[in-house]
>>> print(open('run.cif').read())   # mmCIF, C-alpha atoms
data_structure
loop_
_atom_site.label_atom_id
_atom_site.label_comp_id
_atom_site.auth_asym_id
_atom_site.auth_seq_id
_atom_site.Cartn_x
_atom_site.Cartn_y
_atom_site.Cartn_z
CA MET A 830 -81.60 22.15 58.35
CA ARG A 831 -78.71 19.80 58.51
CA SER A 832 -79.47 16.45 60.09
CA PHE A 833 -77.26 15.26 62.95
CA ALA A 834 -78.45 11.68 62.70
CA PRO A 835 -75.39 10.38 60.80
CA VAL A 836 -73.03 12.05 63.28
CA VAL A 837 -74.86 10.65 66.28
CA THR A 838 -74.91 7.21 64.73
CA ALA A 839 -71.19 7.35 64.10
CA LEU A 840 -70.48 8.45 67.67
CA MET A 841 -72.60 5.66 69.05
CA ALA A 842 -70.74 3.16 66.90
CA LEU A 843 -67.44 4.49 68.15
CA LEU A 844 -68.54 4.24 71.74
CA ALA A 845 -69.81 0.74 71.24
CA GLY A 846 -66.48 -0.31 69.76
CA ALA A 847 -64.37 1.24 72.47
CA PRO A 848 -62.87 -1.00 75.15
CA SER A 849 -65.26 -1.51 78.03
CA TRP A 850 -62.58 -2.16 80.64
CA ALA A 851 -63.13 -0.40 83.93
CA GLY A 852 -59.51 -0.80 84.78
CA SER A 853 -56.43 -2.91 84.45
CA THR A 854 -53.36 -3.92 86.39
CA ASP A 855 -50.16 -5.47 85.20
CA LYS A 856 -46.99 -7.18 86.33
CA SER A 857 -43.76 -8.07 84.58
CA VAL A 858 -42.88 -11.60 83.50
CA THR A 859 -39.22 -12.61 83.23
CA VAL A 860 -38.08 -15.49 81.06
CA GLY A 861 -34.80 -17.21 81.88
CA ILE A 862 -33.14 -19.56 79.40
CA THR A 863 -30.29 -21.99 79.87
CA LEU A 864 -28.92 -23.23 76.57
CA SER A 865 -26.66 -26.28 76.61
CA GLN A 866 -24.68 -27.96 73.88
CA PRO A 867 -25.58 -31.54 72.93
CA GLY A 868 -23.52 -34.12 74.76
CA GLY A 869 -22.92 -32.08 77.84
CA SER A 870 -19.56 -30.65 78.86
CA GLY A 871 -16.38 -31.33 80.76
CA VAL A 872 -14.77 -33.89 78.44
CA ALA A 873 -11.02 -33.27 78.37
CA SER A 874 -9.98 -35.20 75.29
CA VAL A 875 -11.85 -36.44 72.28
CA PRO A 876 -10.39 -39.21 70.10
CA PRO A 877 -10.02 -38.44 66.40
CA GLN A 878 -13.32 -38.83 64.65
CA PRO A 879 -14.17 -39.03 60.96
CA PRO A 880 -16.19 -36.17 59.55
CA GLN A 881 -19.56 -36.12 61.23
CA GLN A 882 -22.72 -36.45 59.28
CA PRO A 883 -24.92 -33.37 59.48
CA GLN A 884 -27.25 -33.63 62.42
CA ARG A 885 -30.88 -34.27 61.72
CA ALA A 886 -33.91 -33.63 63.81
CA GLY A 887 -34.74 -36.75 65.73
CA VAL A 888 -31.17 -38.04 65.74
CA CYS A 889 -29.59 -38.32 69.15
CA TYR A 890 -25.84 -38.77 69.63
CA SER A 891 -24.37 -40.21 72.79
CA ARG A 892 -21.08 -38.39 73.28
CA SER A 893 -19.99 -40.29 76.36
CA LEU A 894 -20.77 -43.70 74.87
CA SER A 895 -19.13 -42.75 71.59
CA GLU A 896 -15.91 -41.75 73.29
CA LYS A 897 -15.91 -44.87 75.43
CA THR A 898 -16.33 -47.24 72.53
CA GLY A 899 -14.55 -45.35 69.80
CA ALA A 900 -17.66 -45.52 67.67
CA THR A 901 -20.17 -42.80 67.08
CA VAL A 902 -23.35 -43.95 68.71
CA GLN A 903 -26.48 -42.46 67.27
CA VAL A 904 -30.13 -43.28 67.75
CA VAL A 905 -32.54 -42.34 64.99
CA CYS A 906 -36.12 -41.62 65.86
CA ASP A 907 -37.34 -39.45 63.01
CA SER A 908 -40.96 -40.46 63.17
CA GLY A 909 -41.11 -40.97 66.88
CA GLN A 910 -42.35 -44.51 66.23
CA PHE A 911 -39.36 -46.23 64.67
CA VAL A 912 -35.93 -46.50 66.15
CA SER A 913 -32.77 -47.78 64.58
CA ILE A 914 -29.14 -47.89 65.56
CA GLU A 915 -26.65 -47.32 62.77
CA ALA A 916 -22.95 -47.74 62.34
CA VAL A 917 -21.63 -44.55 60.81
CA PRO A 918 -20.16 -45.25 57.35
CA GLY A 919 -16.40 -44.97 57.14
CA GLN A 920 -15.65 -46.23 60.61
CA PRO A 921 -13.80 -49.49 61.23
CA PHE A 922 -16.79 -51.33 62.53
CA LEU A 923 -18.62 -54.23 61.01
CA GLY A 924 -22.33 -54.30 61.60
CA VAL A 925 -23.38 -57.87 62.01
CA HIS A 926 -27.06 -57.75 62.55
CA GLY A 927 -29.69 -55.46 63.88
CA GLY A 928 -33.01 -53.87 63.18
CA ALA A 929 -36.13 -52.57 64.79
CA PHE A 930 -39.18 -54.57 65.54
CA ARG A 931 -42.33 -54.31 67.57
CA TYR A 932 -43.14 -56.77 70.28
CA SER A 933 -46.25 -57.65 72.17
CA MET A 934 -46.56 -59.85 75.18
CA SER A 935 -49.94 -60.87 76.46
CA ILE A 936 -50.44 -60.01 80.05
CA ASP A 937 -53.42 -62.32 80.28
CA ARG A 938 -51.33 -65.41 79.69
CA ASP A 939 -48.99 -66.61 82.39
CA ARG A 940 -49.69 -63.53 84.38
CA SER A 941 -47.72 -64.78 87.36
CA VAL A 942 -44.57 -65.04 85.25
CA TYR A 943 -44.95 -61.52 83.97
CA ASP A 944 -45.80 -60.18 87.38
CA ALA A 945 -42.61 -61.71 88.69
CA ALA A 946 -40.64 -60.23 85.81
CA ALA A 947 -42.16 -56.83 86.44
CA LYS A 948 -40.83 -56.87 89.98
CA ASP A 949 -37.25 -57.66 89.13
CA PRO A 950 -34.56 -55.04 89.72
CA PHE A 951 -34.17 -54.36 86.00
CA GLY A 952 -37.70 -53.03 85.75
CA TRP A 953 -38.86 -55.32 82.96
CA ARG A 954 -42.27 -54.52 81.62
CA THR A 955 -44.87 -56.36 79.64
CA GLY A 956 -47.06 -55.14 76.83
CA TRP A 957 -46.44 -53.44 73.52
CA GLY A 958 -43.10 -51.92 72.72
CA THR A 959 -40.35 -51.42 70.19
CA VAL A 960 -36.85 -52.78 70.37
CA THR A 961 -33.90 -52.07 68.17
CA MET A 962 -30.47 -53.56 68.56
CA LEU A 963 -27.19 -53.70 66.72
CA ARG A 964 -24.06 -55.79 67.18
CA LEU A 965 -20.76 -54.35 65.97
CA TYR A 966 -17.23 -55.73 65.73
CA ASP A 967 -14.12 -53.61 65.87
CA VAL A 968 -12.05 -55.02 63.01
CA GLN A 969 -8.99 -52.81 63.45
CA HIS A 970 -8.10 -52.35 67.06
CA ALA A 971 -6.92 -55.76 68.24
CA GLY A 972 -5.84 -55.80 71.85
CA GLY A 973 -2.87 -58.13 71.18
CA PRO A 974 -2.15 -61.79 70.43
CA GLY A 975 -5.18 -63.90 70.94
CA ASP A 976 -7.49 -60.92 70.94
CA PHE A 977 -9.88 -61.92 68.21
CA TRP A 978 -12.31 -59.27 67.10
CA ALA A 979 -15.19 -61.67 67.14
CA ASP A 980 -14.70 -62.04 70.86
CA ARG A 981 -15.31 -58.35 71.48
CA PRO A 982 -18.70 -57.47 70.11
CA LEU A 983 -20.31 -54.19 70.95
CA GLU A 984 -24.01 -54.58 71.39
CA LEU A 985 -26.49 -51.77 71.65
CA LEU A 986 -30.10 -52.14 72.61
CA VAL A 987 -32.82 -49.54 72.77
CA SER A 988 -36.34 -50.35 73.82
CA PHE A 989 -39.33 -48.23 74.62
CA MET B 274 -92.95 -0.64 159.89
CA LYS B 275 -95.49 -2.00 157.40
CA ARG B 276 -96.14 1.52 156.02
CA ILE B 277 -92.48 2.05 155.39
CA LEU B 278 -92.28 -1.11 153.33
CA THR B 279 -95.35 -0.21 151.29
CA ALA B 280 -94.01 3.27 150.48
CA THR B 281 -90.69 1.85 149.39
CA ALA B 282 -92.40 -0.63 147.06
CA ILE B 283 -94.49 2.09 145.41
CA ALA B 284 -91.45 4.30 144.89
CA ALA B 285 -89.56 1.45 143.28
CA ALA B 286 -92.47 0.72 140.95
CA LEU B 287 -92.61 4.34 139.79
CA ALA B 288 -88.87 4.45 139.21
CA ALA B 289 -89.00 1.33 136.99
CA GLY B 290 -91.90 2.56 134.87
CA ASN B 291 -91.59 4.20 131.35
CA ALA B 292 -91.18 7.93 131.78
CA GLN B 293 -91.53 8.75 127.96
CA ALA B 294 -94.64 10.56 126.89
CA GLY B 295 -94.59 9.12 123.31
CA ASN B 296 -92.35 8.20 120.27
CA THR B 297 -92.16 8.41 116.51
CA SER B 298 -89.88 6.79 113.87
CA GLY B 299 -88.30 7.44 110.49
CA THR B 300 -86.34 5.37 107.96
CA PHE B 301 -83.04 6.03 106.29
CA ASN B 302 -80.97 4.37 103.57
CA VAL B 303 -77.34 3.33 103.56
CA ASN B 304 -75.96 3.96 100.10
CA VAL B 305 -72.80 2.11 99.11
CA THR B 306 -70.71 2.69 96.03
CA LEU B 307 -68.39 -0.24 95.41
CA THR B 308 -65.60 0.29 92.94
CA SER B 309 -64.62 -3.05 91.52
CA SER B 310 -60.96 -3.84 91.23
CA CYS B 311 -58.43 -6.58 90.77
CA THR B 312 -55.00 -7.08 92.23
CA LEU B 313 -52.34 -9.11 90.51
CA ALA B 314 -49.59 -10.78 92.48
CA ALA B 315 -46.07 -11.07 91.14
CA VAL B 316 -45.55 -13.61 88.39
CA THR B 317 -43.02 -16.37 89.05
CA ASP B 318 -40.18 -16.24 86.55
CA LEU B 319 -40.33 -18.72 83.71
CA ALA B 320 -37.30 -20.91 83.06
CA PHE B 321 -36.34 -22.89 79.96
CA ALA B 322 -33.63 -25.55 79.95
CA TYR B 323 -32.84 -26.20 76.30
CA THR B 324 -30.26 -28.37 74.58
CA SER B 325 -29.22 -27.08 71.20
CA LEU B 326 -31.04 -28.87 68.35
CA GLN B 327 -33.03 -30.96 70.77
CA PRO B 328 -35.71 -33.03 69.07
CA GLY B 329 -38.57 -32.29 71.43
CA VAL B 330 -40.51 -29.25 72.55
CA SER B 331 -39.26 -27.59 75.71
CA ASN B 332 -41.83 -26.39 78.21
CA ALA B 333 -40.95 -23.68 80.67
CA THR B 334 -41.27 -24.10 84.38
CA GLY B 335 -42.68 -21.39 86.65
CA GLY B 336 -45.04 -18.68 85.44
CA GLY B 337 -47.57 -19.02 88.23
CA PHE B 338 -49.51 -16.03 89.47
CA SER B 339 -52.67 -15.21 91.39
CA VAL B 340 -55.44 -12.68 90.83
CA SER B 341 -57.85 -11.37 93.41
CA CYS B 342 -60.91 -9.59 92.04
CA THR B 343 -64.22 -8.35 93.31
CA ALA B 344 -66.72 -11.18 93.46
CA THR B 345 -68.49 -11.81 90.14
CA LEU B 346 -66.35 -9.24 88.33
CA PRO B 347 -65.31 -10.67 84.97
CA TYR B 348 -61.71 -10.18 83.92
CA THR B 349 -59.40 -11.23 81.14
CA PHE B 350 -55.65 -11.61 80.74
CA GLY B 351 -53.36 -10.25 78.10
CA LEU B 352 -49.65 -10.41 77.31
CA PHE B 353 -47.30 -7.81 75.93
CA SER B 354 -43.83 -8.41 74.65
CA GLY B 355 -41.75 -6.05 76.74
CA THR B 356 -43.47 -3.10 78.35
CA PRO B 357 -47.24 -2.74 78.67
CA GLY B 358 -49.12 -1.59 75.60
CA THR B 359 -52.75 -0.75 74.98
CA PRO B 360 -55.14 -3.16 76.73
CA PRO B 361 -56.30 -5.86 76.44
CA GLY B 362 -53.05 -7.42 75.18
CA ALA B 363 -52.59 -10.66 73.29
CA ALA B 364 -53.48 -14.21 74.25
CA SER B 365 -49.98 -15.30 73.27
CA ILE B 366 -46.72 -13.75 72.17
CA SER B 367 -43.70 -15.04 70.29
CA VAL B 368 -40.26 -13.81 71.21
CA THR B 369 -36.73 -14.52 70.00
CA ASP B 370 -34.33 -14.04 72.86
CA ASN B 371 -31.58 -11.68 71.81
CA ALA B 372 -28.91 -13.32 73.93
CA VAL B 373 -29.15 -17.01 73.04
CA ASN B 374 -31.15 -16.57 69.83
CA LEU B 375 -33.88 -19.04 70.77
CA ASN B 376 -37.51 -18.45 69.91
CA TYR B 377 -40.25 -19.17 72.41
CA SER B 378 -43.96 -18.59 72.83
CA LEU B 379 -45.77 -17.47 75.92
CA GLY B 380 -49.44 -18.18 76.53
CA LEU B 381 -51.89 -18.31 79.41
CA SER B 382 -53.53 -21.16 81.28
CA ALA B 383 -56.90 -19.38 80.92
CA ALA B 384 -58.28 -16.45 78.96
CA GLY B 385 -59.86 -15.02 82.10
CA ALA B 386 -62.46 -15.73 84.76
CA ASN B 387 -64.91 -14.14 87.17
CA GLY B 388 -63.70 -12.86 90.48
CA ASN B 389 -64.72 -14.53 93.70
CA GLY B 390 -63.09 -12.27 96.21
CA ALA B 391 -60.27 -14.70 96.86
CA ALA B 392 -56.96 -15.33 95.15
CA GLN B 393 -57.38 -17.36 91.98
CA LEU B 394 -54.40 -19.19 90.53
CA PHE B 395 -53.29 -19.16 86.90
CA SER B 396 -50.04 -19.41 85.02
CA VAL B 397 -48.15 -18.02 82.09
CA THR B 398 -47.08 -20.96 79.96
CA GLY B 399 -43.96 -21.09 77.84
CA THR B 400 -42.99 -23.41 74.98
CA MET B 401 -39.90 -23.58 72.85
CA ALA B 402 -39.94 -25.35 69.51
CA PRO B 403 -37.49 -28.20 68.82
CA SER B 404 -34.45 -28.20 66.53
CA GLN B 405 -33.29 -24.68 67.29
CA PRO B 406 -29.51 -24.29 67.33
CA GLY B 407 -29.33 -21.16 69.44
CA THR B 408 -26.18 -19.12 69.93
CA CYS B 409 -23.65 -20.10 72.55
CA ALA B 410 -19.85 -20.02 72.35
CA THR B 411 -19.34 -22.31 75.34
CA ALA B 412 -20.80 -25.55 76.63
CA SER B 413 -23.67 -23.75 78.31
CA CYS B 414 -25.10 -20.24 78.18
CA THR B 415 -27.89 -18.31 79.84
CA ASN B 416 -29.88 -15.36 78.63
CA ALA B 417 -28.95 -13.25 81.63
CA ALA B 418 -27.71 -10.50 79.34
CA ALA B 419 -30.81 -10.48 77.15
CA THR B 420 -32.56 -7.15 76.89
CA ASN B 421 -35.88 -8.66 75.82
CA LYS B 422 -36.41 -11.29 78.50
CA THR B 423 -38.96 -9.27 80.50
CA HIS B 424 -42.57 -9.14 79.35
CA THR B 425 -45.87 -7.93 80.76
CA LEU B 426 -48.99 -9.68 81.98
CA ILE B 427 -52.09 -7.50 82.22
CA VAL B 428 -55.44 -8.11 83.88
CA ASN B 429 -58.36 -6.28 82.29
CA TYR B 430 -61.55 -5.79 84.28
#
>>> encode(input="run.cif", output="structure tokens")
Amino acid sequence: MRSFAPVVTALMALLAGAPSWAGSTDKSVTVGITLSQPGGSGVASVPPQPPQQPQRAGVCYSRSLSEKTGATVQVVCDSGQFVSIEAVPGQPFLGVHGGAFRYSMSIDRDRSVYDAAAKDPFGWRTGWGTVTMLRLYDVQHAGGPGDFWADRPLELLVSF
Amino acid sequence: MKRILTATAIAAALAAGNAQAGNTSGTFNVNVTLTSSCTLAAVTDLAFAYTSLQPGVSNATGGGFSVSCTATLPYTFGLFSGTPGTPPGAASISVTDNAVNLNYSLGLSAAGANGNGAAQLFSVTGTMAPSQPGTCATASCTNAAATNKTHTLIVNY
């Protein structure tokens, strides 16, 4: 007589592995996406620019500031912890000084001074942070007689 | 006069008395069959605002929904890309939108819960990885024309 034990065992295993849901209900989910180009839109004219360096992740370009100053303004934050401001090579700007550094101000010392600073309209803060700055001079585009390039520095400052 | 009052009082007493000769009692059961169920409210649309090649992750807004289930009934959530498939669905899905060519992932704020008879709030979460260029011939585009922007949330109970 043939034994049914293996068949029964297999059926039980199948039943045990089957979904145990008593029911289900579902609804649709719609995903909307708005994709924008970097730098926004609506700029009528763009001054001639030298060939752009390929964009890198973590590099932010300010289109409006670049067009206002005639320099390409980029902020590099590859690691998320270090920031630098660079003059793009090939442009008629002379980088004078700049760099990134960390700062720390004790909030336990002269607290009243810092409290006063924290309340000013510029929103100064105390504590740890990073600052990077760069001063540039436009060495080509003199505004006329007496317009010395050293009198027209462009200074950029980023802090966080 | 006194006799009339006495007769009236006796008649009233007889009328107020119990006229039943006896009683007996039996018990009965009330059998209830409760079929457990869940209802799922509409899911709020998710929305991404993404700038091409942006350095940071973009998180979608929206995605909230509520579930009402029989008290103590356990249930789980699942997601399907597009139309519903075989339950229970996936905990997360990855989709590349075929209009703006951006990839995103959808997940859930919880794997499931136990019903309590009231509406319980959850959400479908959406994230979009950084540094994606996307496809857009103008300054700004939407995925309104995408044919794969609608997905399915399922509640299994």
>>> interface_residues(input="run.cif", of="chain A", to="chain B", cutoff="6 Å", atoms="all atoms listed in the file", output="JSON list (two decimals) with C-alpha atoms, in the coordinates of the input")
[["chain", "number", "residue", "atom", "x", "y", "z"],
["A", 850, "TRP", "CA", -62.58, -2.16, 80.64],
["A", 851, "ALA", "CA", -63.13, -0.40, 83.93],
["A", 852, "GLY", "CA", -59.51, -0.80, 84.78],
["A", 853, "SER", "CA", -56.43, -2.91, 84.45],
["A", 854, "THR", "CA", -53.36, -3.92, 86.39],
["A", 855, "ASP", "CA", -50.16, -5.47, 85.20],
["A", 856, "LYS", "CA", -46.99, -7.18, 86.33],
["A", 857, "SER", "CA", -43.76, -8.07, 84.58],
["A", 858, "VAL", "CA", -42.88, -11.60, 83.50],
["A", 859, "THR", "CA", -39.22, -12.61, 83.23],
["A", 860, "VAL", "CA", -38.08, -15.49, 81.06],
["A", 861, "GLY", "CA", -34.80, -17.21, 81.88],
["A", 862, "ILE", "CA", -33.14, -19.56, 79.40],
["A", 863, "THR", "CA", -30.29, -21.99, 79.87],
["A", 864, "LEU", "CA", -28.92, -23.23, 76.57],
["A", 865, "SER", "CA", -26.66, -26.28, 76.61],
["A", 866, "GLN", "CA", -24.68, -27.96, 73.88],
["A", 867, "PRO", "CA", -25.58, -31.54, 72.93],
["A", 870, "SER", "CA", -19.56, -30.65, 78.86],
["A", 886, "ALA", "CA", -33.91, -33.63, 63.81],
["A", 887, "GLY", "CA", -34.74, -36.75, 65.73]]
>>> atom_distance(input="run.cif", atom1="atom CA of Thr359 of chain B", atom2="atom CA of Ala391 of chain B")
27.0 Å
>>> atom_distance(input="run.cif", atom1="atom CA of Gly388 of chain B", atom2="atom CA of Ser341 of chain B")
6.7 Å
>>> atom_distance(input="run.cif", atom1="atom CA of Thr343 of chain B", atom2="atom CA of Phe395 of chain B")
16.7 Å
>>> axis_aligned_box(input="run.cif", around="segment 345-359 of chain B", padding_each_side="6 Å", output="lines of an AutoDock Vina configuration file")
center_x = -55.1
center_y = -6.3
center_z = 82.4
size_x = 38.7
size_y = 23.1
size_z = 27.5
>>> closest_residue(input="run.cif", among="B:Ala294, B:Val340, B:Leu307, B:Val330", to="Ala392 of chain B", atoms="only C-alpha atoms")
B:Val340
